[in-house]
Amino acid sequence: MQMKNCFFLVTFLVIFCMSLKAGSLSNDRNSFSSSSKDGRFMVGLKGGLTFAQPLVFQKFNILSPLDNTISQSGIKRYKPFFQNIGYQYAFTALYQINSSIDIRFEPAFTTYVYKYSSAYFWESTGTNSERIDMSIRHQQSLKYIEFPLTLRFLYGSGNARPFIQGGIFYSYLLNAIKSFKREESYTNSLGVSTLNSESENGDASPLYIKSRYGINAGIGIDYDLTSVHLTFDINLNIGINSVTNQAARYSAQQFSGGLYDVQDNIRLLIPSVNIGILFPLHKSARSKINCPAKS
Amino acid sequence: MANIMAISFKIRFKAPIYCIVFLLFYLSSLLTGCSKKNSMTPDESWVRVYDHSDFNRLFYSLDVKELSNSNFIILASSKMDTTIWPNPYIISTDKEGAALWTVEVDNYSSPVPSIITLKGENYFFCMDNSLGTHLLKINTDGSSPTLFKSFASITYPLCASQTSDNKILLTSYDRITRSTVLTCFDSNFSIIWSKEYSGIENYEEKVRLHLTRQGAYFPFFSGEVKTSSGGYYFVNGFYNFVFSLLFINPANGDLSGVVNGIPYSAAASALIQRNDSSYILARYDENQNYINIKPDISFTTISNITAMGGTSWPELDKNSVIVPLKTTLNGKQSIIIGAITRSNQVLLLFFDPLTGLLKTSKYFGSTYPVNLSSVIPTSEGGLAVLTQTFVAGRFSRIQLFKIPPEKLNF
């Protein structure tokens with residue numbers, strides 16, 4: 001809640017500063033602004049789907065196998081990014097440097113989801129063939145407030161203009177929730193029986209560090225409808241730092257003790273697909289009405 | 001690229017841009033600065049469960065030692081669920097707790113739950129099929145332990161400890177004389193003296209069930225206490241119809257005092273010297289556990305365990321195994337009392353040795369049943385805790401925690 005207040009405060013300050021700047025410029029538009037098709041300031045909203053891809057650079061496992069047959073026991077198998085669907089929504093503040101370049105500040109609430117599974121088994125070596133399998137499906141949902149600063153280059157001069165963009169971002173973790181489903185089955189010569197099937201969730205916030213930062217890049221298209229701009233973009237958000245709290249890796253005993261689950265050292269790579277709408281704060285000469293002089 | 005550079009030079013940074021950039025970096029630095037330390041190398045803190053795929057195999061944890069290279073040696077025992085006596089099982093781990101090699105010793109059984117370190121070598125006592133006692137040396141190269149000495153006349157070895165002057169005390173049970181036997185060895189494992197303390201009643205069945213993990217688990221332990229007039233060895237074992245705490249003359253093994261237990265319901269579970277004149281005594285009585293930081297113990301008379309008082313710890317498991325340790329944590333001497341709670345957690349209580357004040361407590365593990373075996377200090381100034389756990393609630397396996405000193409600040 002405190003972070004949300006902070007977010008709104010920052011957003012308000014940015015809008016306020018931009019409005020002041022817009023006001024100061026409205027009286028002395030120079031040659032640059034007069035060549036621009038639109039006002040130099042735009043605000044808007046943006047939202048879309050995120051697809052998280054964890055990049056593992058060090059694996060950790062609680063179970064240490066004493067025999068080679070279970071060397072894969074408990075090893076995490078991460079789902080590919082297209083199965084890790086989250087969402088985000090953002091406020092956009094855009095400053096148009098010239099007709100081809102603008103800079104955007106888009107504070108956003110993001111939810112990144114990634115999933116993995118792990119499997120275990122134990123089997124008898126005697127004459128009675130018995131086996132117990134345990135599989136656990138994990139889902140981590142990380143909610144961040146994100147502050148990206150992006151430079152956008154637009155091409156062409158029509159209403160629909162493609163663009164490329166790139167920039168930096170800083171994210172602050174608001175919370176993390178882990179949910180899991182554990183299933184156990186017993187197999188013998190008579191068949192397979194389900195022993196146990198349960199789902200739970202819990203707070204995983206201590207397992208992650210608060211700060212995440214990195215770079216982003218993307219492509220898209222900007223459609224000028226005169227009074228508003230519609231945007232569609234595909235963005236790639238590349239985290240530079242590990243999001244795992246290494247000092248607290250084993251601290252969530254609900255997960256480490258009950259599920260034998262601890263977090264690997266991971267960075268997050270987040271492709272996203274977004275649509276947005278932008279409202280120019282000051283219209284350019286094209287939108288001005290030229291009244292005929294009175295005779 | 002040249003165009004981009006040229007354009008970027010044309011950018012006129014005005015107040016709003018400065019404002020945005022400033023806010024971004026200000027917020028970043030503020031939030032990053034507020035975050036706690038979050039880096040820790042993988043060898044500093046970990047939990048490992050040593051799993052085996054065999055459905056029918058059982059493991060029991062006994063003791064752990066840290067080697068000079070920060071690797072660990074775990075003494076355990078293992079058996080199939082259809083057999084009676086567990087065999088010694090040794091696990092070597094690296095400093096991150098990953099198993100390097102394991103050795104199962106098939107020709108011996110029932111290892112005594114103590115690794116004895118003398119002159120840089122690690123030893124443990126165990127038993128053969130004729131109930132005789134043997135001393136094996138643990139090899140750190142992954143080969144099977146080497147027989148160091150045999151003591152055919154000492155039967156049913158139960159527990160061992162090391163004194164401050166590097167003598168070794170071995171508690172055993174003699175089925176012929178129905179006695180608890182305390183044997184004192186010198187640092188070459190030559191017997192200095194061996195004394196019997198008669199249990200009168202035949203306790204062989206209880207001893208056998210204790211060793212095979214098929215019946216009640218008794219808190220056999222031994223050690224030494226210092227007093228202004230000298231000192232005493234103590235041993236917890238069957239004596240005079242009950243499970244009692246005996247005080248022994250270190251020079252010759254003569255019995256000097258006894259704290260009698262109550263048959264099947266009350267006994268001492270740990271004793272450790274707190275300072276020059278005080279001790280911490282843990283005991284159980286009718287399924288409750290008590291810890292007395294200043295017990296009024298007489299080492300030369302006969303007294304009763306129920307008169308030893310202490311604070312009740314209802315959260316501790318019924319007749320909990322208590323593991324005491326005196327060590328230095330973060331520059332401060334501490335007495336650590338390790339126990340298991342009714343909610344399947346390892347509880348570590350940290351006492352001030354001077355005042356006996358409980359400074360703090362820490363809980364580790366959850367969910368599945370756990371049995372505490374050993375708590376040792378690590379070279380980094382933290383602790384390593386060895387337990388037996390039940391993987392998936394079913395399969396008894398070995399578990400080792402490494403706790404860094406940062407998490408033991410109080």
# chains A, B, ... in the order shown; residues from 1 in each chain; ligands from 1
>>> interface_residues(of="chain B", to="chain A", cutoff="6 Å", atoms="only C-alpha atoms", output="NGL selection string")
:B and (16 or 38-40 or 47-56 or 98 or 365-367)
>>> residues_around(residues="A:Gln83", least_positions_apart="5", cutoff="10 Å", atoms="only C-alpha atoms", output="list of chain:residue names")
A:Phe51, A:Ala52, A:Gln53, A:Tyr78, A:Val113, A:Tyr114, A:Lys115
>>> select_by_dssp(residues="stretch 37-274 of chain A", states="strand (DSSP E or B)", output="PyMOL selection string")
chain A and resi 41-51+53-58+63-65+77-78+85-96+101-105+108-123+131-154+160-188+191-203+208+211-224+229-239+244+265-274
>>> write_last_selection(atoms="C-alpha atoms", output="short mmCIF file (atom, residue, chain, number, x, y, z; two decimals), in the first residue's frame")
data_model
loop_
_atom_site.label_atom_id
_atom_site.label_comp_id
_atom_site.auth_asym_id
_atom_site.auth_seq_id
_atom_site.Cartn_x
_atom_site.Cartn_y
_atom_site.Cartn_z
CA PHE A 41 3.43 16.20 -24.45
CA MET A 42 1.18 13.21 -24.34
CA VAL A 43 -0.23 11.16 -21.53
CA GLY A 44 -2.02 7.88 -21.71
CA LEU A 45 -2.58 4.39 -20.53
CA LYS A 46 -1.05 1.12 -21.55
CA GLY A 47 -1.65 -2.52 -20.74
CA GLY A 48 -0.72 -5.94 -21.95
CA LEU A 49 0.37 -9.45 -21.33
CA THR A 50 3.76 -10.48 -20.00
CA PHE A 51 5.55 -13.75 -20.61
CA GLN A 53 11.30 -16.55 -18.93
CA PRO A 54 13.58 -17.27 -15.96
CA LEU A 55 17.25 -17.44 -16.91
CA VAL A 56 18.89 -19.79 -14.42
CA PHE A 57 22.54 -19.18 -13.76
CA GLN A 58 22.95 -21.27 -10.61
CA LEU A 63 17.64 -33.16 -1.94
CA SER A 64 21.09 -34.60 -2.47
CA PRO A 65 20.86 -38.08 -3.96
CA ARG A 77 12.04 -28.05 -14.92
CA TYR A 78 11.03 -24.56 -15.95
CA ILE A 85 1.46 -15.50 -18.70
CA GLY A 86 1.17 -12.43 -16.51
CA TYR A 87 -0.10 -8.93 -17.10
CA GLN A 88 0.79 -5.30 -16.63
CA TYR A 89 -0.84 -1.89 -16.79
CA ALA A 90 0.88 1.43 -16.94
CA PHE A 91 0.47 5.17 -17.04
CA THR A 92 2.34 6.79 -19.92
CA ALA A 93 3.91 10.23 -19.92
CA LEU A 94 5.53 11.07 -23.26
CA TYR A 95 7.68 13.99 -24.25
CA GLN A 96 8.12 14.43 -28.00
CA ILE A 101 11.93 10.81 -31.40
CA ASP A 102 10.15 10.83 -28.11
CA ILE A 103 10.97 9.85 -24.59
CA ARG A 104 8.51 8.00 -22.40
CA PHE A 105 8.15 7.41 -18.71
CA ALA A 108 3.59 0.29 -14.37
CA PHE A 109 2.15 -2.35 -12.13
CA THR A 110 3.40 -5.66 -13.43
CA THR A 111 2.69 -9.26 -12.50
CA TYR A 112 5.26 -11.72 -13.68
CA VAL A 113 4.45 -15.40 -13.47
CA TYR A 114 6.81 -18.29 -13.92
CA LYS A 115 6.25 -21.98 -13.40
CA TYR A 116 8.29 -25.08 -12.90
CA SER A 117 7.80 -28.64 -11.81
CA SER A 118 9.81 -31.20 -9.92
CA ALA A 119 9.39 -34.94 -9.54
CA TYR A 120 10.55 -37.55 -7.05
CA PHE A 121 10.18 -41.29 -6.78
CA TRP A 122 11.02 -44.14 -4.45
CA GLU A 123 10.74 -47.78 -5.43
CA ARG A 131 6.77 -47.34 -6.09
CA ILE A 132 5.75 -43.93 -4.83
CA ASP A 133 5.89 -40.94 -7.16
CA MET A 134 5.58 -37.37 -6.00
CA SER A 135 5.24 -34.53 -8.45
CA ILE A 136 4.98 -30.87 -7.50
CA ARG A 137 3.91 -28.06 -9.81
CA HIS A 138 5.08 -24.65 -8.65
CA GLN A 139 3.86 -21.22 -9.73
CA GLN A 140 5.52 -17.99 -8.63
CA SER A 141 3.71 -14.66 -9.11
CA LEU A 142 5.87 -11.60 -8.61
CA LYS A 143 4.20 -8.20 -8.45
CA TYR A 144 6.41 -5.21 -9.15
CA ILE A 145 6.00 -1.52 -9.57
CA GLU A 146 8.18 -0.70 -12.55
CA PHE A 147 9.69 2.61 -13.69
CA PRO A 148 10.89 2.36 -17.30
CA LEU A 149 12.40 5.28 -19.17
CA THR A 150 12.25 4.62 -22.89
CA LEU A 151 13.46 6.41 -26.01
CA ARG A 152 11.33 5.78 -29.09
CA PHE A 153 12.26 6.31 -32.74
CA LEU A 154 9.34 6.61 -35.18
CA ALA A 160 0.52 4.64 -38.96
CA ARG A 161 4.16 4.90 -38.06
CA PRO A 162 6.33 1.93 -37.00
CA PHE A 163 8.81 2.51 -34.23
CA ILE A 164 11.63 0.96 -32.33
CA GLN A 165 12.26 1.68 -28.68
CA GLY A 166 14.84 1.05 -26.00
CA GLY A 167 15.57 2.15 -22.50
CA ILE A 168 16.21 1.31 -18.90
CA PHE A 169 13.94 0.31 -16.05
CA TYR A 170 13.90 -0.08 -12.33
CA SER A 171 11.39 -2.34 -10.56
CA TYR A 172 10.47 -2.65 -6.93
CA LEU A 173 8.93 -5.86 -5.65
CA LEU A 174 5.54 -5.36 -4.03
CA ASN A 175 4.89 -8.97 -3.16
CA ALA A 176 5.44 -12.52 -4.31
CA ILE A 177 3.02 -15.39 -3.99
CA LYS A 178 3.90 -19.01 -4.45
CA SER A 179 1.25 -21.60 -5.19
CA PHE A 180 1.86 -25.26 -5.67
CA LYS A 181 0.06 -28.49 -6.34
CA ARG A 182 1.48 -31.71 -4.98
CA GLU A 183 0.35 -35.09 -6.19
CA GLU A 184 1.47 -38.45 -4.89
CA SER A 185 0.72 -41.82 -6.37
CA TYR A 186 1.38 -45.37 -5.29
CA THR A 187 2.06 -48.08 -7.83
CA ASN A 188 2.23 -51.81 -7.31
CA GLY A 191 -2.19 -50.73 -10.48
CA VAL A 192 -1.81 -47.07 -9.63
CA SER A 193 -3.54 -45.30 -6.74
CA THR A 194 -3.57 -41.61 -5.91
CA LEU A 195 -2.29 -41.16 -2.38
CA ASN A 196 -2.53 -37.46 -1.96
CA SER A 197 -3.36 -34.39 -3.99
CA GLU A 198 -3.26 -30.95 -2.46
CA SER A 199 -2.88 -27.33 -3.48
CA GLU A 200 -1.65 -24.50 -1.33
CA ASN A 201 -0.19 -21.06 -1.62
CA GLY A 202 1.84 -18.79 0.57
CA ASP A 203 3.86 -15.64 0.80
CA TYR A 208 13.17 -12.35 -3.64
CA SER A 211 15.07 -4.30 -6.58
CA ARG A 212 15.18 -5.41 -10.17
CA TYR A 213 16.72 -3.38 -12.96
CA GLY A 214 17.77 -3.79 -16.53
CA ILE A 215 17.17 -2.68 -20.08
CA ASN A 216 14.27 -2.98 -22.43
CA ALA A 217 13.88 -2.92 -26.19
CA GLY A 218 10.97 -3.34 -28.53
CA ILE A 219 9.18 -2.63 -31.74
CA GLY A 220 5.67 -1.38 -32.44
CA ILE A 221 3.34 0.78 -34.39
CA ASP A 222 1.86 4.16 -33.54
CA TYR A 223 -1.45 5.08 -35.15
CA ASP A 224 -2.36 8.76 -35.16
CA HIS A 229 -2.71 7.95 -30.69
CA LEU A 230 -3.11 4.20 -30.46
CA THR A 231 0.01 2.15 -29.93
CA PHE A 232 0.81 -1.51 -30.18
CA ASP A 233 4.22 -2.78 -29.17
CA ILE A 234 6.16 -5.92 -28.49
CA ASN A 235 8.73 -5.32 -25.81
CA LEU A 236 11.56 -7.32 -24.31
CA ASN A 237 12.45 -6.51 -20.72
CA ILE A 238 15.86 -7.89 -19.81
CA GLY A 239 16.71 -8.09 -16.12
CA THR A 244 16.61 -14.24 -5.80
CA ASN A 265 19.58 -17.85 -8.86
CA ILE A 266 17.59 -16.43 -11.75
CA ARG A 267 17.27 -13.36 -13.90
CA LEU A 268 13.98 -12.62 -15.55
CA LEU A 269 13.57 -12.07 -19.26
CA ILE A 270 10.12 -10.64 -19.92
CA PRO A 271 8.67 -10.43 -23.42
CA SER A 272 5.41 -8.51 -23.41
CA VAL A 273 2.68 -7.50 -25.84
CA ASN A 274 0.99 -4.19 -25.13
#
>>> residues_around(residues="B:Phe185", least_positions_apart="6", cutoff="9 Å", atoms="only C-alpha atoms", output="short mmCIF file (atom, residue, chain, number, x, y, z; two decimals) with N, CA, C and O atoms, in the first residue's frame")
data_model
loop_
_atom_site.label_atom_id
_atom_site.label_comp_id
_atom_site.auth_asym_id
_atom_site.auth_seq_id
_atom_site.Cartn_x
_atom_site.Cartn_y
_atom_site.Cartn_z
N ASN B 166 41.14 -35.16 26.66
CA ASN B 166 41.21 -36.14 25.57
C ASN B 166 41.12 -37.59 26.02
O ASN B 166 41.68 -38.49 25.39
N LYS B 167 40.43 -37.81 27.11
CA LYS B 167 40.05 -39.19 27.44
C LYS B 167 38.71 -39.47 26.76
O LYS B 167 37.95 -38.55 26.45
N ILE B 168 38.45 -40.73 26.55
CA ILE B 168 37.20 -41.11 25.89
C ILE B 168 36.39 -41.96 26.85
O ILE B 168 36.92 -42.89 27.47
N LEU B 169 35.12 -41.61 26.97
CA LEU B 169 34.21 -42.38 27.82
C LEU B 169 33.25 -43.15 26.93
O LEU B 169 32.61 -42.57 26.07
N LEU B 170 33.19 -44.44 27.14
CA LEU B 170 32.26 -45.28 26.37
C LEU B 170 31.28 -45.95 27.32
O LEU B 170 31.69 -46.63 28.26
N ILE B 191 42.50 -48.93 27.46
CA ILE B 191 41.57 -48.82 28.59
C ILE B 191 42.32 -48.41 29.85
O ILE B 191 43.30 -49.04 30.25
N ILE B 192 41.85 -47.33 30.50
CA ILE B 192 42.41 -46.90 31.79
C ILE B 192 41.66 -47.62 32.91
O ILE B 192 42.26 -48.20 33.80
N TRP B 193 40.38 -47.58 32.85
CA TRP B 193 39.55 -48.34 33.77
C TRP B 193 38.19 -48.61 33.12
O TRP B 193 37.79 -47.91 32.18
N SER B 194 37.53 -49.62 33.66
CA SER B 194 36.19 -49.97 33.18
C SER B 194 35.37 -50.42 34.38
O SER B 194 35.81 -51.29 35.14
#
>>> residues_around(residues="B:Asn71", least_positions_apart="4", cutoff="9 Å", atoms="only C-alpha atoms", output="number ranges by chain")
B: 65-67, 92-97
>>> atom_distance(atom1="atom CA of A:Lys76", atom2="atom CA of A:Ser242")
17.3 Å
>>> residues_around(residues="stretch 77-82 of chain B", least_positions_apart="2", cutoff="9 Å", atoms="only C-alpha atoms", output="MDAnalysis selection string")
chainID B and resid 56:62 75 84:90 104 109:111
>>> write_last_selection(atoms="N, CA and C atoms", output="mmCIF file, in the first residue's frame")
data_model
loop_
_atom_site.group_PDB
_atom_site.id
_atom_site.type_symbol
_atom_site.label_atom_id
_atom_site.label_comp_id
_atom_site.auth_asym_id
_atom_site.auth_seq_id
_atom_site.Cartn_x
_atom_site.Cartn_y
_atom_site.Cartn_z
ATOM 1 N N ASN B 56 12.543 -49.302 0.665
ATOM 2 C CA ASN B 56 12.610 -50.099 1.890
ATOM 3 C C ASN B 56 13.823 -49.779 2.764
ATOM 4 N N ARG B 57 14.582 -48.782 2.378
ATOM 5 C CA ARG B 57 15.804 -48.500 3.124
ATOM 6 C C ARG B 57 15.541 -47.410 4.169
ATOM 7 N N LEU B 58 16.086 -47.638 5.354
ATOM 8 C CA LEU B 58 15.926 -46.681 6.455
ATOM 9 C C LEU B 58 17.296 -46.103 6.818
ATOM 10 N N PHE B 59 17.308 -44.828 7.131
ATOM 11 C CA PHE B 59 18.548 -44.162 7.543
ATOM 12 C C PHE B 59 18.351 -43.516 8.919
ATOM 13 N N TYR B 60 19.414 -43.539 9.709
ATOM 14 C CA TYR B 60 19.385 -42.900 11.032
ATOM 15 C C TYR B 60 20.613 -41.995 11.148
ATOM 16 N N SER B 61 20.390 -40.764 11.525
ATOM 17 C CA SER B 61 21.512 -39.838 11.671
ATOM 18 C C SER B 61 22.137 -40.008 13.049
ATOM 19 N N LEU B 62 23.455 -39.843 13.130
ATOM 20 C CA LEU B 62 24.141 -40.035 14.406
ATOM 21 C C LEU B 62 24.998 -38.828 14.788
ATOM 22 N N LEU B 75 28.192 -39.297 10.164
ATOM 23 C CA LEU B 75 28.089 -40.686 10.601
ATOM 24 C C LEU B 75 26.603 -41.012 10.739
ATOM 25 N N ILE B 84 17.236 -56.213 11.177
ATOM 26 C CA ILE B 84 17.145 -55.726 12.566
ATOM 27 C C ILE B 84 18.229 -54.704 12.878
ATOM 28 N N TRP B 85 19.475 -55.065 12.621
ATOM 29 C CA TRP B 85 20.573 -54.201 13.048
ATOM 30 C C TRP B 85 21.001 -53.268 11.918
ATOM 31 N N PRO B 86 21.103 -51.983 12.195
ATOM 32 C CA PRO B 86 21.593 -51.050 11.169
ATOM 33 C C PRO B 86 23.113 -51.102 11.050
ATOM 34 N N ASN B 87 23.589 -50.909 9.827
ATOM 35 C CA ASN B 87 25.041 -50.866 9.577
ATOM 36 C C ASN B 87 25.525 -49.420 9.567
ATOM 37 N N PRO B 88 26.803 -49.228 9.919
ATOM 38 C CA PRO B 88 27.355 -47.862 9.813
ATOM 39 C C PRO B 88 27.292 -47.379 8.362
ATOM 40 N N TYR B 89 26.983 -46.118 8.193
ATOM 41 C CA TYR B 89 26.858 -45.520 6.859
ATOM 42 C C TYR B 89 27.481 -44.130 6.935
ATOM 43 N N ILE B 90 28.475 -43.885 6.126
ATOM 44 C CA ILE B 90 29.203 -42.616 6.193
ATOM 45 C C ILE B 90 28.962 -41.825 4.917
ATOM 46 N N GLU B 104 29.021 -47.748 3.031
ATOM 47 C CA GLU B 104 28.253 -48.556 3.973
ATOM 48 C C GLU B 104 29.154 -49.678 4.461
ATOM 49 N N SER B 109 27.878 -53.380 12.861
ATOM 50 C CA SER B 109 26.521 -52.859 13.041
ATOM 51 C C SER B 109 26.482 -51.876 14.200
ATOM 52 N N SER B 110 25.343 -51.246 14.346
ATOM 53 C CA SER B 110 25.018 -50.393 15.482
ATOM 54 C C SER B 110 26.122 -49.405 15.861
ATOM 55 N N PRO B 111 26.463 -48.489 14.968
ATOM 56 C CA PRO B 111 27.483 -47.496 15.310
ATOM 57 C C PRO B 111 27.032 -46.609 16.471
#
>>> select_by_dssp(residues="stretch 166-261 of chain A", states="helix (DSSP H, G or I)", output="list in words")
Ser205, Pro206, Leu207, Gln246, Ala247, Ala248, Gln253, Gln254, Phe255 and Ser256 of chain A
